[in-house]
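For reference, coords11.txt is printed below; it contains compact mmCIF, C-alpha atoms and all ligand atoms.
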```txt
# COMPACT_ATOMS: atom_id res chain seq x y z
CA MET A 271 151.54 -194.21 124.39
CA VAL A 272 151.84 -194.05 120.59
CA ARG A 273 148.89 -193.42 118.28
CA ILE A 274 148.71 -195.67 115.22
CA THR A 275 146.31 -195.51 112.30
CA GLU A 276 145.92 -198.44 109.96
CA GLY A 277 143.18 -198.76 107.34
CA LYS A 278 140.13 -197.01 108.79
CA ALA A 279 141.04 -197.74 112.42
CA ALA A 280 143.15 -196.03 115.06
CA ILE A 281 144.67 -197.47 118.23
CA GLU A 282 147.02 -196.41 121.01
CA ILE A 283 149.78 -198.73 122.08
CA PRO A 284 152.56 -198.49 124.68
CA LYS A 285 155.96 -197.40 123.30
CA GLN A 286 157.60 -200.79 122.81
CA PRO A 287 159.71 -202.92 120.49
CA VAL A 288 157.91 -205.51 118.28
CA THR A 289 158.55 -208.62 120.39
CA ARG A 290 156.42 -211.25 122.09
CA LYS A 291 157.28 -209.57 125.37
CA ALA A 292 155.48 -206.36 124.35
CA GLU A 293 152.63 -205.32 126.66
CA ALA A 294 150.29 -205.56 123.66
CA PHE A 295 151.71 -206.93 120.43
CA TYR A 296 151.31 -204.79 117.30
CA ASN A 297 153.35 -205.56 114.19
CA PRO A 298 153.18 -202.91 111.42
CA GLU A 299 154.65 -205.46 108.99
CA MET A 300 151.40 -207.43 109.24
CA GLU A 301 149.36 -204.54 107.81
CA TYR A 302 149.26 -206.13 104.35
CA GLN A 303 148.08 -209.41 105.86
CA ARG A 304 145.25 -207.51 107.61
CA ASP A 305 144.41 -205.58 104.38
CA ILE A 306 144.02 -208.89 102.52
CA THR A 307 141.88 -210.25 105.36
CA MET A 308 139.49 -207.28 105.18
CA SER A 309 139.06 -207.85 101.46
CA ALA A 310 138.52 -211.62 101.85
CA LEU A 311 135.87 -210.98 104.49
CA ARG A 312 134.10 -208.38 102.33
CA VAL A 313 134.06 -210.81 99.41
CA PHE A 314 132.88 -213.73 101.55
CA GLY A 315 130.20 -211.75 103.40
CA ASN A 316 128.98 -209.70 100.44
CA GLY A 317 127.17 -207.40 102.88
CA LYS A 318 125.29 -210.12 104.82
CA ASP A 319 125.15 -210.06 108.64
CA MET A 320 128.23 -211.71 110.15
CA TYR A 321 129.40 -212.73 113.62
CA VAL A 322 133.15 -212.68 113.92
CA CYS A 323 135.70 -214.01 116.41
CA ASP A 324 139.15 -212.44 116.86
CA PRO A 325 140.40 -214.84 119.58
CA LEU A 326 144.03 -213.61 119.67
CA ALA A 327 143.24 -209.94 119.28
CA GLY A 328 146.35 -208.26 120.73
CA THR A 329 145.78 -204.49 120.54
CA GLY A 330 142.41 -204.88 118.79
CA ILE A 331 143.55 -203.41 115.47
CA ARG A 332 142.09 -206.32 113.45
CA SER A 333 138.71 -206.16 115.19
CA LEU A 334 138.50 -202.40 114.80
CA ARG A 335 139.36 -202.63 111.13
CA MET A 336 136.71 -205.30 110.56
CA ALA A 337 134.13 -203.09 112.26
CA ALA A 338 135.11 -200.05 110.19
CA GLU A 339 135.90 -201.67 106.84
CA VAL A 340 133.65 -204.70 106.37
CA PRO A 341 129.93 -204.05 105.74
CA GLY A 342 127.62 -206.49 107.54
CA VAL A 343 129.85 -207.27 110.53
CA LYS A 344 127.21 -207.24 113.28
CA SER A 345 129.27 -208.40 116.21
CA ILE A 346 132.88 -209.18 117.06
CA LEU A 347 134.26 -211.12 119.98
CA ALA A 348 137.76 -209.72 120.58
CA ASN A 349 139.73 -211.77 123.06
CA ASP A 350 143.25 -211.91 124.44
CA MET A 351 144.58 -214.09 127.24
CA SER A 352 147.33 -211.67 128.27
CA GLU A 353 146.25 -209.22 130.97
CA SER A 354 148.43 -206.42 129.65
CA ALA A 355 147.20 -206.90 126.07
CA PHE A 356 143.62 -207.07 127.31
CA ALA A 357 143.98 -203.70 129.08
CA VAL A 358 145.20 -202.09 125.82
CA LEU A 359 142.58 -203.92 123.76
CA LYS A 360 139.72 -202.82 125.98
CA LYS A 361 140.83 -199.20 125.97
CA ASN A 362 141.19 -199.15 122.18
CA ILE A 363 137.72 -200.63 121.68
CA ILE A 364 136.10 -198.18 124.10
CA ASN A 365 137.91 -195.17 122.62
CA ALA A 366 136.90 -196.10 119.07
CA ARG A 367 133.18 -195.56 119.89
CA ILE A 368 132.03 -197.98 117.19
CA LYS A 369 128.30 -197.61 116.53
CA ASP A 370 127.11 -200.19 114.01
CA THR A 371 129.03 -203.22 115.31
CA GLU A 372 128.83 -204.68 118.79
CA ILE A 373 132.34 -205.50 120.00
CA TYR A 374 132.65 -207.72 123.06
CA VAL A 375 136.03 -207.97 124.75
CA SER A 376 137.26 -210.82 126.89
CA ASN A 377 140.40 -211.94 128.68
CA ARG A 378 140.31 -215.74 128.36
CA HIS A 379 142.17 -218.65 126.85
CA ALA A 380 140.98 -218.86 123.23
CA ARG A 381 140.03 -222.52 123.78
CA ASP A 382 137.38 -221.48 126.34
CA ILE A 383 135.92 -218.97 123.89
CA PHE A 384 135.48 -221.71 121.29
CA GLN A 385 134.01 -224.22 123.73
CA GLU A 386 131.42 -221.69 124.92
CA ASN A 387 130.43 -220.55 121.42
CA MET A 388 129.50 -223.60 119.37
CA ASN A 389 128.33 -223.08 115.79
CA ALA A 390 128.48 -219.34 116.37
CA PHE A 391 130.84 -217.56 113.99
CA ASP A 392 130.91 -216.65 110.30
CA PHE A 393 134.62 -215.90 110.56
CA ILE A 394 137.42 -216.88 112.92
CA ASP A 395 140.91 -215.45 112.51
CA ILE A 396 143.72 -217.38 114.21
CA ASP A 397 146.69 -215.01 114.40
CA PRO A 398 149.04 -216.39 117.05
CA PHE A 399 152.71 -216.11 117.95
CA GLY A 400 154.35 -219.01 116.10
CA SER A 401 152.17 -221.96 115.14
CA PRO A 402 148.34 -222.03 115.02
CA ILE A 403 148.26 -225.82 115.41
CA GLY A 404 146.84 -225.84 118.96
CA PHE A 405 143.85 -223.69 117.96
CA LEU A 406 142.67 -225.51 114.84
CA THR A 407 140.56 -228.45 116.04
CA VAL A 408 139.06 -226.50 118.94
CA SER A 409 138.01 -223.61 116.73
CA ALA A 410 136.24 -225.87 114.17
CA SER A 411 133.18 -226.46 116.36
CA SER A 412 132.74 -222.70 116.79
CA LEU A 413 132.33 -222.14 113.04
CA LYS A 414 128.90 -222.00 111.47
CA ASN A 415 127.96 -224.58 108.84
CA ARG A 416 129.62 -222.46 106.12
CA ALA A 417 132.20 -219.96 107.33
CA LEU A 418 135.42 -218.16 106.51
CA PHE A 419 138.52 -219.22 108.41
CA ALA A 420 142.04 -217.75 108.42
CA ALA A 421 145.26 -218.85 110.09
CA THR A 422 148.69 -217.22 110.26
CA ALA A 423 151.86 -219.13 111.11
CA THR A 424 155.22 -217.51 111.87
CA ASP A 425 157.09 -220.78 112.55
CA THR A 426 158.34 -220.56 108.97
CA GLY A 427 161.44 -222.73 109.54
CA ALA A 428 159.32 -225.68 110.66
CA LEU A 429 156.75 -225.19 107.90
CA CYS A 430 159.08 -224.81 104.94
CA GLY A 431 161.34 -227.77 105.71
CA ALA A 432 164.33 -226.02 107.32
CA PHE A 433 163.60 -227.80 110.64
CA PRO A 434 162.34 -231.28 109.63
CA LYS A 435 162.13 -232.68 113.19
CA THR A 436 160.04 -229.75 114.43
CA CYS A 437 157.79 -230.10 111.37
CA LEU A 438 157.27 -233.80 112.04
CA ASN A 439 156.64 -233.29 115.75
CA ARG A 440 154.33 -230.32 115.31
CA TYR A 441 152.52 -231.09 112.05
CA SER A 442 153.11 -234.87 111.58
CA ILE A 443 154.50 -234.09 108.11
CA LYS A 444 157.84 -235.28 106.70
CA SER A 445 159.69 -232.36 105.22
CA PHE A 446 163.13 -231.02 104.31
CA LYS A 447 164.57 -228.09 102.38
CA THR A 448 163.63 -228.03 98.69
CA ASP A 449 163.78 -225.48 95.86
CA PHE A 450 160.00 -224.90 96.31
CA PHE A 451 160.14 -224.40 100.08
CA LYS A 452 157.59 -221.58 100.19
CA GLU A 453 155.04 -223.83 98.56
CA VAL A 454 155.88 -226.61 101.00
CA GLY A 455 155.23 -224.11 103.84
CA ILE A 456 151.85 -223.10 102.47
CA ARG A 457 150.81 -226.67 101.73
CA THR A 458 151.96 -227.85 105.17
CA LEU A 459 149.83 -225.17 106.81
CA ILE A 460 146.80 -226.01 104.63
CA THR A 461 147.25 -229.73 105.37
CA ALA A 462 147.42 -228.98 109.11
CA VAL A 463 144.19 -226.92 108.97
CA MET A 464 142.43 -229.65 106.96
CA THR A 465 143.65 -232.51 109.14
CA GLU A 466 142.79 -230.84 112.43
CA MET A 467 139.37 -229.65 111.23
CA ALA A 468 138.58 -233.06 109.74
CA GLU A 469 138.47 -234.36 113.32
CA GLU A 470 135.31 -232.28 113.75
CA GLY A 471 133.94 -233.21 110.29
CA VAL A 472 134.73 -229.74 108.93
CA SER A 473 136.30 -229.26 105.48
CA PHE A 474 138.58 -226.38 104.50
CA GLU A 475 138.80 -225.07 100.94
CA PRO A 476 141.66 -222.60 100.39
CA MET A 477 140.61 -219.24 98.88
CA TYR A 478 143.90 -217.36 99.21
CA SER A 479 147.29 -218.42 100.55
CA HIS A 480 150.40 -216.31 100.79
CA ALA A 481 153.96 -216.48 102.04
CA ASN A 482 156.06 -213.59 103.30
CA HIS A 483 157.93 -213.60 106.62
CA TYR A 484 154.90 -215.66 107.70
CA PHE A 485 152.50 -218.10 106.06
CA ARG A 486 148.83 -217.28 105.89
CA VAL A 487 145.87 -219.25 104.58
CA ILE A 488 142.26 -218.09 104.20
CA GLY A 489 139.54 -220.51 103.18
CA ILE A 490 135.89 -221.51 103.36
CA THR A 491 134.92 -224.22 105.82
CA ARG A 492 131.89 -226.50 105.64
CA ARG A 493 130.47 -228.95 108.13
CA SER A 494 130.42 -231.87 105.69
CA ALA A 495 131.81 -235.36 106.26
CA LYS A 496 131.55 -236.05 102.50
CA LYS A 497 133.56 -232.97 101.47
CA THR A 498 136.08 -233.59 104.25
CA ALA A 499 136.66 -237.16 103.02
CA GLU A 500 136.94 -235.98 99.39
CA GLN A 501 139.62 -233.47 100.35
CA ARG A 502 141.64 -236.13 102.15
CA LYS A 503 142.14 -237.93 98.81
CA LEU A 504 144.30 -235.03 97.61
CA VAL A 505 146.61 -235.23 100.63
CA LYS A 506 149.55 -237.32 99.38
CA ASP A 507 153.25 -238.03 99.70
CA ILE A 508 155.52 -236.32 97.17
CA TYR A 509 158.83 -237.87 96.10
CA TYR A 510 161.76 -235.55 95.55
CA CYS A 511 165.33 -235.99 94.32
CA SER A 512 167.71 -233.58 96.05
CA MET A 513 170.38 -234.35 93.42
CA CYS A 514 168.56 -233.38 90.20
CA LEU A 515 165.39 -231.68 91.64
CA PHE A 516 163.04 -234.22 90.02
CA ARG A 517 159.74 -234.53 91.89
CA SER A 518 156.54 -236.52 91.44
CA ALA A 519 153.46 -237.68 93.31
CA GLY A 520 154.39 -241.21 92.12
CA SER A 521 156.06 -243.81 94.29
CA ALA A 522 159.17 -244.29 96.41
CA GLY A 523 162.42 -245.76 95.07
CA LYS A 524 165.13 -244.50 92.74
CA CYS A 525 164.97 -241.22 90.81
CA PRO A 526 164.05 -242.04 87.19
CA GLU A 527 166.33 -239.22 85.97
CA CYS A 528 169.57 -239.75 87.90
CA GLY A 529 169.18 -242.95 89.90
CA SER A 530 169.61 -241.31 93.34
CA ASN A 531 167.25 -242.19 96.19
CA LEU A 532 163.93 -240.31 96.20
CA ASN A 533 162.90 -238.81 99.53
CA ALA A 534 159.29 -238.48 100.63
CA ILE A 535 157.75 -235.14 101.65
CA GLY A 536 154.29 -235.22 103.12
CA PRO A 537 151.57 -236.15 103.29
CA LEU A 538 150.72 -232.76 101.78
CA TRP A 539 147.68 -231.11 100.21
CA THR A 540 148.15 -231.30 96.43
CA GLY A 541 144.96 -229.44 95.40
CA LYS A 542 144.53 -225.73 94.68
CA ILE A 543 146.03 -223.24 97.13
CA ILE A 544 143.97 -220.33 95.80
CA ASP A 545 140.48 -220.07 94.36
CA ARG A 546 140.66 -217.98 91.19
CA ALA A 547 137.04 -216.75 91.23
CA PHE A 548 137.37 -215.66 94.86
CA CYS A 549 140.75 -213.97 94.20
CA ARG A 550 139.36 -212.12 91.16
CA LYS A 551 136.60 -210.73 93.41
CA MET A 552 139.23 -209.73 95.98
CA LEU A 553 141.25 -207.94 93.30
CA ASN A 554 138.14 -206.05 92.09
CA ASP A 555 137.27 -205.24 95.69
CA LEU A 556 140.74 -203.89 96.47
CA GLU A 557 140.99 -201.90 93.23
CA SER A 558 137.55 -200.38 93.72
CA ASN A 559 138.70 -199.28 97.20
CA GLY A 560 141.73 -197.57 95.64
CA TYR A 561 144.16 -200.08 97.19
CA LYS A 562 147.56 -200.15 95.49
CA LYS A 563 149.41 -203.23 96.81
CA THR A 564 147.71 -205.71 94.49
CA LYS A 565 150.77 -207.12 92.67
CA GLU A 566 150.93 -210.38 94.63
CA LEU A 567 147.23 -211.06 94.12
CA SER A 568 147.43 -210.27 90.37
CA MET A 569 150.41 -212.62 90.05
CA ALA A 570 148.56 -215.33 91.97
CA LEU A 571 145.75 -215.10 89.42
CA GLU A 572 148.27 -215.75 86.63
CA ASP A 573 149.94 -218.66 88.46
CA GLY A 574 149.08 -222.26 87.56
CA ASP A 575 147.68 -224.93 89.88
CA SER A 576 150.02 -227.91 89.52
CA PRO A 577 152.29 -228.56 92.51
CA PHE A 578 155.26 -227.76 92.75
CA PHE A 579 157.09 -224.86 91.11
CA TYR A 580 160.72 -225.20 89.92
CA ASP A 581 163.39 -222.67 90.84
CA LEU A 582 165.23 -221.68 87.67
CA HIS A 583 168.38 -220.53 89.51
CA LYS A 584 168.70 -223.95 91.09
CA LEU A 585 168.13 -225.74 87.77
CA TYR A 586 170.76 -223.57 86.00
CA ASN A 587 173.26 -224.12 88.82
CA LEU A 588 172.71 -227.83 88.54
CA THR A 589 172.86 -228.17 84.75
CA LYS A 590 175.61 -225.51 84.26
CA LYS A 591 173.66 -224.24 81.22
CA THR A 592 173.75 -220.51 80.40
CA PRO A 593 170.79 -218.87 82.18
CA GLN A 594 167.98 -217.66 79.91
CA LYS A 595 165.20 -215.23 80.76
CA ILE A 596 162.23 -216.77 82.59
CA ARG A 597 159.86 -215.65 79.85
CA ASP A 598 161.99 -217.44 77.23
CA VAL A 599 161.92 -220.71 79.19
CA ILE A 600 158.14 -220.34 79.59
CA GLY A 601 157.84 -219.55 75.85
CA CYS A 602 159.82 -222.69 74.97
CA LEU A 603 157.59 -224.88 77.16
CA GLU A 604 154.47 -223.34 75.61
CA GLU A 605 155.84 -223.94 72.10
CA ASN A 606 156.21 -227.58 73.10
CA GLY A 607 152.52 -227.66 74.05
CA PHE A 608 152.82 -227.35 77.85
CA LYS A 609 151.16 -224.82 80.10
CA ALA A 610 153.81 -222.83 81.96
CA THR A 611 153.59 -219.74 84.17
CA ARG A 612 155.57 -217.69 86.63
CA THR A 613 154.60 -218.17 90.25
CA TYR A 614 153.59 -215.55 92.81
CA LEU A 615 155.58 -217.52 95.41
CA SER A 616 159.04 -216.88 93.94
CA GLY A 617 160.59 -214.38 91.53
CA THR A 618 162.77 -217.12 90.04
CA GLY A 619 160.14 -219.86 89.94
CA ILE A 620 158.20 -221.41 87.06
CA ARG A 621 155.23 -223.69 87.31
CA THR A 622 154.51 -226.22 84.60
CA GLU A 623 153.04 -229.65 84.07
CA ALA A 624 155.76 -230.43 81.50
CA PRO A 625 157.79 -233.56 82.29
CA TYR A 626 161.18 -233.03 83.87
CA GLY A 627 163.13 -233.83 80.67
CA LYS A 628 161.23 -231.18 78.66
CA ILE A 629 161.98 -228.54 81.30
CA ILE A 630 165.69 -229.36 81.18
CA ASN A 631 165.59 -229.15 77.35
CA CYS A 632 164.00 -225.69 77.54
CA LEU A 633 166.64 -224.29 79.89
C1 LIG B 701 150.47 -212.21 117.15
S1 LIG B 701 149.61 -211.53 118.49
C2 LIG B 701 148.07 -211.01 117.80
C3 LIG B 701 148.13 -209.86 116.86
C4 LIG B 701 146.81 -209.37 116.39
N1 LIG B 701 145.96 -210.44 115.92
C5 LIG B 701 147.00 -208.31 115.31
O1 LIG B 701 146.52 -208.48 114.17
O2 LIG B 701 147.65 -207.29 115.59
C6 LIG B 701 149.08 -212.96 119.39
C7 LIG B 701 148.24 -212.64 120.61
O3 LIG B 701 147.66 -213.84 121.11
C8 LIG B 701 147.62 -213.78 122.51
N2 LIG B 701 147.53 -215.18 122.98
C9 LIG B 701 148.50 -216.14 122.93
N3 LIG B 701 148.00 -217.33 123.34
C10 LIG B 701 146.68 -217.13 123.61
C11 LIG B 701 145.62 -217.99 124.02
N4 LIG B 701 145.83 -219.29 124.25
N5 LIG B 701 144.39 -217.47 124.18
C12 LIG B 701 144.17 -216.14 123.97
N6 LIG B 701 145.14 -215.28 123.59
C13 LIG B 701 146.37 -215.76 123.39
C14 LIG B 701 148.87 -213.05 122.90
O4 LIG B 701 148.74 -212.43 124.17
C15 LIG B 701 149.02 -212.03 121.76
O5 LIG B 701 148.44 -210.79 122.11
ZN ZN B 702 167.46 -237.31 90.43
```

Please, can you express the file's structure as structure tokens?
Ligand SMILES: C[S@@+](CC[C@H](N)C(=O)[O-])C[C@H]1O[C@@H](n2cnc3c(N)ncnc32)[C@H](O)[C@@H]1O
Ligand SMILES: [Zn+2]
Amino acid sequence: MVRITEGKAAIEIPKQPVTRKAEAFYNPEMEYQRDITMSALRVFGNGKDMYVCDPLAGTGIRSLRMAAEVPGVKSILANDMSESAFAVLKKNIINARIKDTEIYVSNRHARDIFQENMNAFDFIDIDPFGSPIGFLTVSASSLKNRALFAATATDTGALCGAFPKTCLNRYSIKSFKTDFFKEVGIRTLITAVMTEMAEEGVSFEPMYSHANHYFRVIGITRRSAKKTAEQRKLVKDIYYCSMCLFRSAGSAGKCPECGSNLNAIGPLWTGKIIDRAFCRKMLNDLESNGYKKTKELSMALEDGDSPFFYDLHKLYNLTKKTPQKIRDVIGCLEENGFKATRTYLSGTGIRTEAPYGKIINCL
């Protein structure tokens, strides 16, 4: 066995490679994702009593961290369907001797956990292998009236448009490779969470979304038919020209810039993918805990809201103009009266509401 410490928790896991076939899956590269989750839960809970469900718990690292790092977590249901993972999970929970939080362990299909715990949890964290799609609708009824909900997806190729058929089959969303593929991935995942939860009359408002070798969304859910219906209005088709990179939420037909055919992507969530007030609280929370990896969150706070960002490399390749510094292009757009920012989703991206022609002029 190997001893691992992460955050304020410690676990023991079998010596094993990081693959799905591991006896109990632990991925050190997901530490940042768990760090962000702890902060989001602290901000959401603000010290109040919370009942939490970790339905795909693996080794138990996430549950143990929540118990040790989030004030107010009264009870955690840590579950894993795999017998070998459950054995490791149970041992880790027992060995940790947690005092202030009750941790229950179980070895069931996550679906059964949700069906038996209606309206029970302040937070559910869906952290599966691959896609979370099969867990979304079933988990909605387990959430309290207002709750925090997080989902990870590692089927990045399907989400970001590299595998359009898989995306259509799995998420019912038309997609293909674009210059803003990370944003397509995030918005596809958010749309999937919203659509699946809407079946249970539950809305999902994104608080923080990020893209690395996985996509991850964290948001606040509410049992509200009105809010759910309002959100649906912002789920739309986007029209994109693969020839000149023009895009708009307008209508199908020919590209107004180059006359090529526009292709539809969607329907996709076009509203905010982060909540600035919530993220500012997360940043304060992380900084006050002495946490150093806050660059992505700080950049997200500076990013704009309008979908979708442009990739400057792609635009320069296309126009054959001499590449300028990102800050100069942003400066030019601002001088022309348009809001323009970098984006936390890509080092070469800019986000602006300026019309296509103005962007090309500023290159
Ligand atoms: C990516 S791992 C979880 C990692 C863990 N959340 C962490 O932060 O380290 C996914 C886990 O879900 C479990 N699992 C897969 N399908 C399941 C299901 N339908 N119900 C319960 N557990 C399931 C697997 O056995 C595996 O341990
Ligand atoms: Zn075009």

Expected answer as a PDB file with C-alpha atoms, keeping the file's coordinate frame: residues within 9 Å of ligand LIG 701 (chain B), only C-alpha atoms and all ligand atoms:
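Output saved as result_2.pdb:
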```pdb
ATOM      1  CA  ARG A 290     156.420-211.250 122.090  1.00  0.00           C
ATOM      2  CA  ALA A 292     155.480-206.360 124.350  1.00  0.00           C
ATOM      3  CA  GLU A 293     152.630-205.320 126.660  1.00  0.00           C
ATOM      4  CA  ALA A 294     150.290-205.560 123.660  1.00  0.00           C
ATOM      5  CA  PHE A 295     151.710-206.930 120.430  1.00  0.00           C
ATOM      6  CA  TYR A 296     151.310-204.790 117.300  1.00  0.00           C
ATOM      7  CA  ASN A 297     153.350-205.560 114.190  1.00  0.00           C
ATOM      8  CA  PRO A 298     153.180-202.910 111.420  1.00  0.00           C
ATOM      9  CA  MET A 300     151.400-207.430 109.240  1.00  0.00           C
ATOM     10  CA  GLU A 301     149.360-204.540 107.810  1.00  0.00           C
ATOM     11  CA  GLN A 303     148.080-209.410 105.860  1.00  0.00           C
ATOM     12  CA  ARG A 304     145.250-207.510 107.610  1.00  0.00           C
ATOM     13  CA  ASP A 324     139.150-212.440 116.860  1.00  0.00           C
ATOM     14  CA  PRO A 325     140.400-214.840 119.580  1.00  0.00           C
ATOM     15  CA  LEU A 326     144.030-213.610 119.670  1.00  0.00           C
ATOM     16  CA  ALA A 327     143.240-209.940 119.280  1.00  0.00           C
ATOM     17  CA  GLY A 328     146.350-208.260 120.730  1.00  0.00           C
ATOM     18  CA  THR A 329     145.780-204.490 120.540  1.00  0.00           C
ATOM     19  CA  GLY A 330     142.410-204.880 118.790  1.00  0.00           C
ATOM     20  CA  ILE A 331     143.550-203.410 115.470  1.00  0.00           C
ATOM     21  CA  ARG A 332     142.090-206.320 113.450  1.00  0.00           C
ATOM     22  CA  SER A 333     138.710-206.160 115.190  1.00  0.00           C
ATOM     23  CA  ASN A 349     139.730-211.770 123.060  1.00  0.00           C
ATOM     24  CA  ASP A 350     143.250-211.910 124.440  1.00  0.00           C
ATOM     25  CA  MET A 351     144.580-214.090 127.240  1.00  0.00           C
ATOM     26  CA  SER A 352     147.330-211.670 128.270  1.00  0.00           C
ATOM     27  CA  GLU A 353     146.250-209.220 130.970  1.00  0.00           C
ATOM     28  CA  SER A 354     148.430-206.420 129.650  1.00  0.00           C
ATOM     29  CA  ALA A 355     147.200-206.900 126.070  1.00  0.00           C
ATOM     30  CA  PHE A 356     143.620-207.070 127.310  1.00  0.00           C
ATOM     31  CA  ASN A 377     140.400-211.940 128.680  1.00  0.00           C
ATOM     32  CA  ARG A 378     140.310-215.740 128.360  1.00  0.00           C
ATOM     33  CA  HIS A 379     142.170-218.650 126.850  1.00  0.00           C
ATOM     34  CA  ALA A 380     140.980-218.860 123.230  1.00  0.00           C
ATOM     35  CA  ARG A 381     140.030-222.520 123.780  1.00  0.00           C
ATOM     36  CA  ASP A 382     137.380-221.480 126.340  1.00  0.00           C
ATOM     37  CA  ILE A 383     135.920-218.970 123.890  1.00  0.00           C
ATOM     38  CA  ASP A 395     140.910-215.450 112.510  1.00  0.00           C
ATOM     39  CA  ILE A 396     143.720-217.380 114.210  1.00  0.00           C
ATOM     40  CA  ASP A 397     146.690-215.010 114.400  1.00  0.00           C
ATOM     41  CA  PRO A 398     149.040-216.390 117.050  1.00  0.00           C
ATOM     42  CA  PHE A 399     152.710-216.110 117.950  1.00  0.00           C
ATOM     43  CA  GLY A 400     154.350-219.010 116.100  1.00  0.00           C
ATOM     44  CA  GLY A 404     146.840-225.840 118.960  1.00  0.00           C
ATOM     45  CA  PHE A 405     143.850-223.690 117.960  1.00  0.00           C
ATOM     46  CA  THR A 422     148.690-217.220 110.260  1.00  0.00           C
ATOM     47  CA  THR A 424     155.220-217.510 111.870  1.00  0.00           C
TER      48      THR A 424
END
```

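By all atoms listed in the file, and with residues fewer than 2 positions from A:Tyr484 along its chain excluded, the set lying at most 6 Å from it is Ala423, Thr424, Ala481 and Asn482 of chain A.
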
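Residues within 10 Å of A:Ala499, counting all atoms listed in the file and excluding same-chain residues fewer than 5 positions away, are Ala468, Gly471, Val472, Ser473, Ser494 and Leu504 of chain A.
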
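Using all atoms listed in the file, the shortest contact distance between ligand ZN 702 (chain B) and any of A:Glu566, A:Asp573, A:Asp545, A:Glu527 is found at A:Glu527.
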
(message) At a cut-off of 8 Å and counting all atoms listed in the file, what residues surround ligand ZN 702 (chain B)? Please answer as a ChimeraX atom specification.
(response) /A:510-516,524-532

(message) Between atom CA of A:Arg416 and atom CA of A:Leu459, what is the distance in Å, rounded to a tenth?
(response)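 One can read the atom CA of A:Arg416 to atom CA of A:Leu459 distance as 20.4 Å.
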
(message) I'd like the neighbourhood of A:Ser401 as a PyMOL selection string, where a residue qualifies if any of its atoms comes within 12 Å (using all atoms listed in the file), though same-chain residues fewer than 5 positions away should be ignored.
(response) chain A and resi 396+406+421-429+436-437+440-441+455+458-459+462-463+484-486

Got time to write the residues from that selection, C-alpha atoms, as a PDB file, keeping the file's coordinate frame?
```pdb
ATOM      1  CA  ILE A 396     143.720-217.380 114.210  1.00  0.00           C
ATOM      2  CA  LEU A 406     142.670-225.510 114.840  1.00  0.00           C
ATOM      3  CA  ALA A 421     145.260-218.850 110.090  1.00  0.00           C
ATOM      4  CA  THR A 422     148.690-217.220 110.260  1.00  0.00           C
ATOM      5  CA  ALA A 423     151.860-219.130 111.110  1.00  0.00           C
ATOM      6  CA  THR A 424     155.220-217.510 111.870  1.00  0.00           C
ATOM      7  CA  ASP A 425     157.090-220.780 112.550  1.00  0.00           C
ATOM      8  CA  THR A 426     158.340-220.560 108.970  1.00  0.00           C
ATOM      9  CA  GLY A 427     161.440-222.730 109.540  1.00  0.00           C
ATOM     10  CA  ALA A 428     159.320-225.680 110.660  1.00  0.00           C
ATOM     11  CA  LEU A 429     156.750-225.190 107.900  1.00  0.00           C
ATOM     12  CA  THR A 436     160.040-229.750 114.430  1.00  0.00           C
ATOM     13  CA  CYS A 437     157.790-230.100 111.370  1.00  0.00           C
ATOM     14  CA  ARG A 440     154.330-230.320 115.310  1.00  0.00           C
ATOM     15  CA  TYR A 441     152.520-231.090 112.050  1.00  0.00           C
ATOM     16  CA  GLY A 455     155.230-224.110 103.840  1.00  0.00           C
ATOM     17  CA  THR A 458     151.960-227.850 105.170  1.00  0.00           C
ATOM     18  CA  LEU A 459     149.830-225.170 106.810  1.00  0.00           C
ATOM     19  CA  ALA A 462     147.420-228.980 109.110  1.00  0.00           C
ATOM     20  CA  VAL A 463     144.190-226.920 108.970  1.00  0.00           C
ATOM     21  CA  TYR A 484     154.900-215.660 107.700  1.00  0.00           C
ATOM     22  CA  PHE A 485     152.500-218.100 106.060  1.00  0.00           C
ATOM     23  CA  ARG A 486     148.830-217.280 105.890  1.00  0.00           C
TER      24      ARG A 486
END
```
